[in-house]
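S.K.: My questions all concern the structure below.
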Amino acid sequence: MSVPRVHIIRHGQALHNIERGYPHRDSPLTTAGHLATKSIDLPAIPDLIIISPMSRTIQTAMNIFSGILDTVKVQIWPDLRESHDANCNKGLSRTELAAKFPRFDFGECQEEWDYPPHTVEGATIRAERVRRRLKELSKVYINIAIITHRGFIAFLTKGDRYDVCETRSYRFATDEEAQLESLRKGTHVDTKEPCDFGPTLLLPIAVQTFGPTAPENETIEARP
């Protein structure tokens with residue numbers, strides 16, 4: 001029986017990644033970001049695609065999966081939104097998203113983008129909620145692709161920072177593995193504080209970049 005895998009993808013280069021202090025909401029991909037995301041190659045064809053409700057993540061998904069979006073199940077999860085409060089990380093209303101990307105279902109999104117302000121505790125709880133939901137879905141789907149943001153990925157999994165366009169593959173820990181502090185506990189890559197990446201735990205299968213990445217010069221808080 002195949003082991004279910006979760007392929008986590010960081011969006012391509014967006015305007016806020018190259019313009020320090022980018023002042024606008026919901027920054028889209030740059031031209032370089034569009035080109036790079038079209039070259040991303042996953043190790044397996046996903047049978048479920050889950051996307052953060054931001055233009056840059058949706059555009060990334062449309063570029064990577066242009067040939068299969070009509071045949072593979074796609075979900076939009078607000079819980080995959082970024083974990084910092086810079087204006088570029090604030091998205092559009094549900095009505096605006098539906099008008100901009102009519103092929104997707106934004107039913108899980110709030111009508112207005114009025115999610116709670118970022119806190120470490122809130123992001124940690126949200127990450128565990130996402131992992132639990134993914135684990136439940138892994139009973140049905142074998143290859144799940146999620147497109148999200150660097151700051152939130154740092155709460156979702158233990159490891160180094162993701163570059164733009166970077167993809168890493170994970171499996172769910174067994175119950176025994178999830179009890180091992182050496183696997184479950186670690187240092188948060190951004191806050192440098194101790195962090196619990198469980199109790200639902202994702203373990204890396206491979207750490208590599210599929211496809212070219214666009215260069216960027218980013219700070220932690222404002223430009224994840």
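Convention: chains lettered A, B, ... in structure tokens order; per-chain residue numbering from 1; ligands numbered from 1 as shown.
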If we count only C-alpha atoms, what is near A:His188 at a cut-off of 9 Å, once residues fewer than 5 positions away on the same chain are taken out, given as a list in words?
M.R.: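 Returned residues: Ala154, Phe155, Lys158, Gly159, Glu193, Pro194, Cys195 and Asp196 of chain A.
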S.K.: Using only C-alpha atoms, determine which residues lie at most 9 Å from stretch 100-110 of chain A, disregarding the query and same-chain residues fewer than 3 positions distant; provide the list as a PDB file with C-alpha atoms, in the first residue's frame.
M.R.:
ATOM      1  CA  PRO A  53      -6.691  32.084  -0.742  1.00  0.00           C
ATOM      2  CA  SER A  55      -3.484  35.695  -5.538  1.00  0.00           C
ATOM      3  CA  ILE A  58      -3.595  30.671  -6.631  1.00  0.00           C
ATOM      4  CA  VAL A  74      -9.076  21.504  -5.654  1.00  0.00           C
ATOM      5  CA  GLN A  75      -9.830  23.114  -2.304  1.00  0.00           C
ATOM      6  CA  ILE A  76      -9.169  26.621  -0.977  1.00  0.00           C
ATOM      7  CA  TRP A  77      -8.281  26.722   2.729  1.00  0.00           C
ATOM      8  CA  PRO A  78      -8.120  30.050   4.594  1.00  0.00           C
ATOM      9  CA  SER A  93     -12.945  39.520   0.076  1.00  0.00           C
ATOM     10  CA  ARG A  94     -14.661  36.295  -0.933  1.00  0.00           C
ATOM     11  CA  THR A  95     -16.645  38.156  -3.587  1.00  0.00           C
ATOM     12  CA  GLU A  96     -13.476  39.705  -5.053  1.00  0.00           C
ATOM     13  CA  LEU A  97     -11.674  36.357  -5.070  1.00  0.00           C
ATOM     14  CA  TRP A 113     -10.649  39.374   5.016  1.00  0.00           C
ATOM     15  CA  ASP A 114     -10.936  39.947   8.756  1.00  0.00           C
ATOM     16  CA  TYR A 115      -8.998  37.023  10.196  1.00  0.00           C
TER      17      TYR A 115
END
S.K.: Hey, which of A:Ile146, A:Leu15, A:Ala32, A:Ala61 ends up closest to A:Arg81? Count only C-alpha atoms.
M.R.: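 For A:Arg81, the nearest of the given residues is A:Ile146.
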S.K.: Ranking A:Thr57, A:Thr167, A:Thr119, A:Asn63 by minimum distance to A:Thr191 and counting only C-alpha atoms, which one comes first?
M.R.: A:Thr119
S.K.: As an exercise, work out the distance from atom CA of A:Ser182 to atom CA of A:Gly198 in Å and give it to one decimal place.
M.R.: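 So the answer is 11.6 Å.
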S.K.: Could you write out, as a PyMOL selection string, all the residues of stretch 102-175 of chain A that DSSP marks as strand (DSSP E)?
M.R.: chain A and resi 143-148+167-172
S.K.: Using only C-alpha atoms for the distances, tell me which of A:Ala127, A:Val3, A:Met54, A:Leu156 is nearest to A:Asn89.
M.R.: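 That would be A:Met54, the residue with the smallest distance to A:Asn89.
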S.K.: Show me, as a tab-separated table (two decimals) with N, CA and C atoms, in the first residue's frame, the residues that have an atom within 7 Å of stretch 64-71 of chain A when counting only C-alpha atoms, minus same-chain residues fewer than 4 positions from it.
M.R.:
chain	number	residue	atom	x	y	z
A	37	THR	N	7.29	29.41	-11.76
A	37	THR	CA	6.28	28.44	-11.30
A	37	THR	C	5.84	27.51	-12.42
A	38	LYS	N	5.93	27.96	-13.65
A	38	LYS	CA	5.57	27.08	-14.77
A	38	LYS	C	6.59	25.97	-14.97
A	40	ILE	N	8.04	24.34	-12.27
A	40	ILE	CA	8.06	23.46	-11.10
A	40	ILE	C	7.55	22.08	-11.50
A	60	THR	N	0.24	30.57	-8.58
A	60	THR	CA	1.24	29.50	-8.58
A	60	THR	C	0.60	28.16	-8.92
S.K.: For a quick check of understanding, using only C-alpha atoms, which of A:Glu181, A:Asp26, A:Asp79, A:Asp160 has the smallest distance to A:Val130?
M.R.: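 That would be A:Asp79, the residue with the smallest distance to A:Val130.
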S.K.: Restricting the calculation to only C-alpha atoms, which member of A:Ile205, A:Val72, A:Leu92, A:Ala98 is positioned closest to A:Glu112?
M.R.: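 For A:Glu112, the nearest of the given residues is A:Leu92.
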S.K.: Quick one: pick out all alpha helix (DSSP H) residues within chain A from a backbone DSSP run and write them as a PyMOL selection string.
M.R.: chain A and resi 15-18+31-37+55-64+94-100+120-137+150-156+175-178+181-184
S.K.: Could you check the closest approach to A:Arg150 for each of A:Leu80, A:Met62, A:Ile50, A:Leu203 and tell me which residue wins, using only C-alpha atoms?
M.R.: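 Checking each candidate against A:Arg150, we get A:Leu80 as the closest.
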S.K.: What is the distance between atom CA of A:Ala36 and atom CA of A:His11, in Å to one decimal?
M.R.: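 Calculated distance between atom CA of A:Ala36 and atom CA of A:His11 is 10.0 Å.
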S.K.: Quick one: residues within 9 Å of A:Cys88, only C-alpha atoms, excluding same-chain residues fewer than 5 positions away - as a PDB file with C-alpha atoms, in the first residue's frame?
M.R.:
ATOM      1  CA  LEU A  15       5.870  41.765  -5.914  1.00  0.00           C
ATOM      2  CA  HIS A  16       6.362  42.049  -2.147  1.00  0.00           C
ATOM      3  CA  GLY A  21       7.749  47.716   2.162  1.00  0.00           C
ATOM      4  CA  TYR A  22       5.318  46.772  -0.623  1.00  0.00           C
ATOM      5  CA  PRO A  23       2.207  48.706   0.493  1.00  0.00           C
ATOM      6  CA  HIS A  24      -0.662  46.919  -1.237  1.00  0.00           C
ATOM      7  CA  ARG A  25      -2.854  43.995  -0.260  1.00  0.00           C
ATOM      8  CA  ASP A  26      -2.602  40.584  -1.892  1.00  0.00           C
ATOM      9  CA  SER A  27       0.556  40.977  -3.957  1.00  0.00           C
ATOM     10  CA  ALA A 222       7.173  41.997   5.975  1.00  0.00           C
ATOM     11  CA  ARG A 223       7.962  39.748   3.061  1.00  0.00           C
TER      12      ARG A 223
END
S.K.: In Å, rounded to a single decimal, give me how far atom CA of A:His118 is from atom CA of A:Ser83.
M.R.: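 Computing it gives 5.8 Å between the two atoms.
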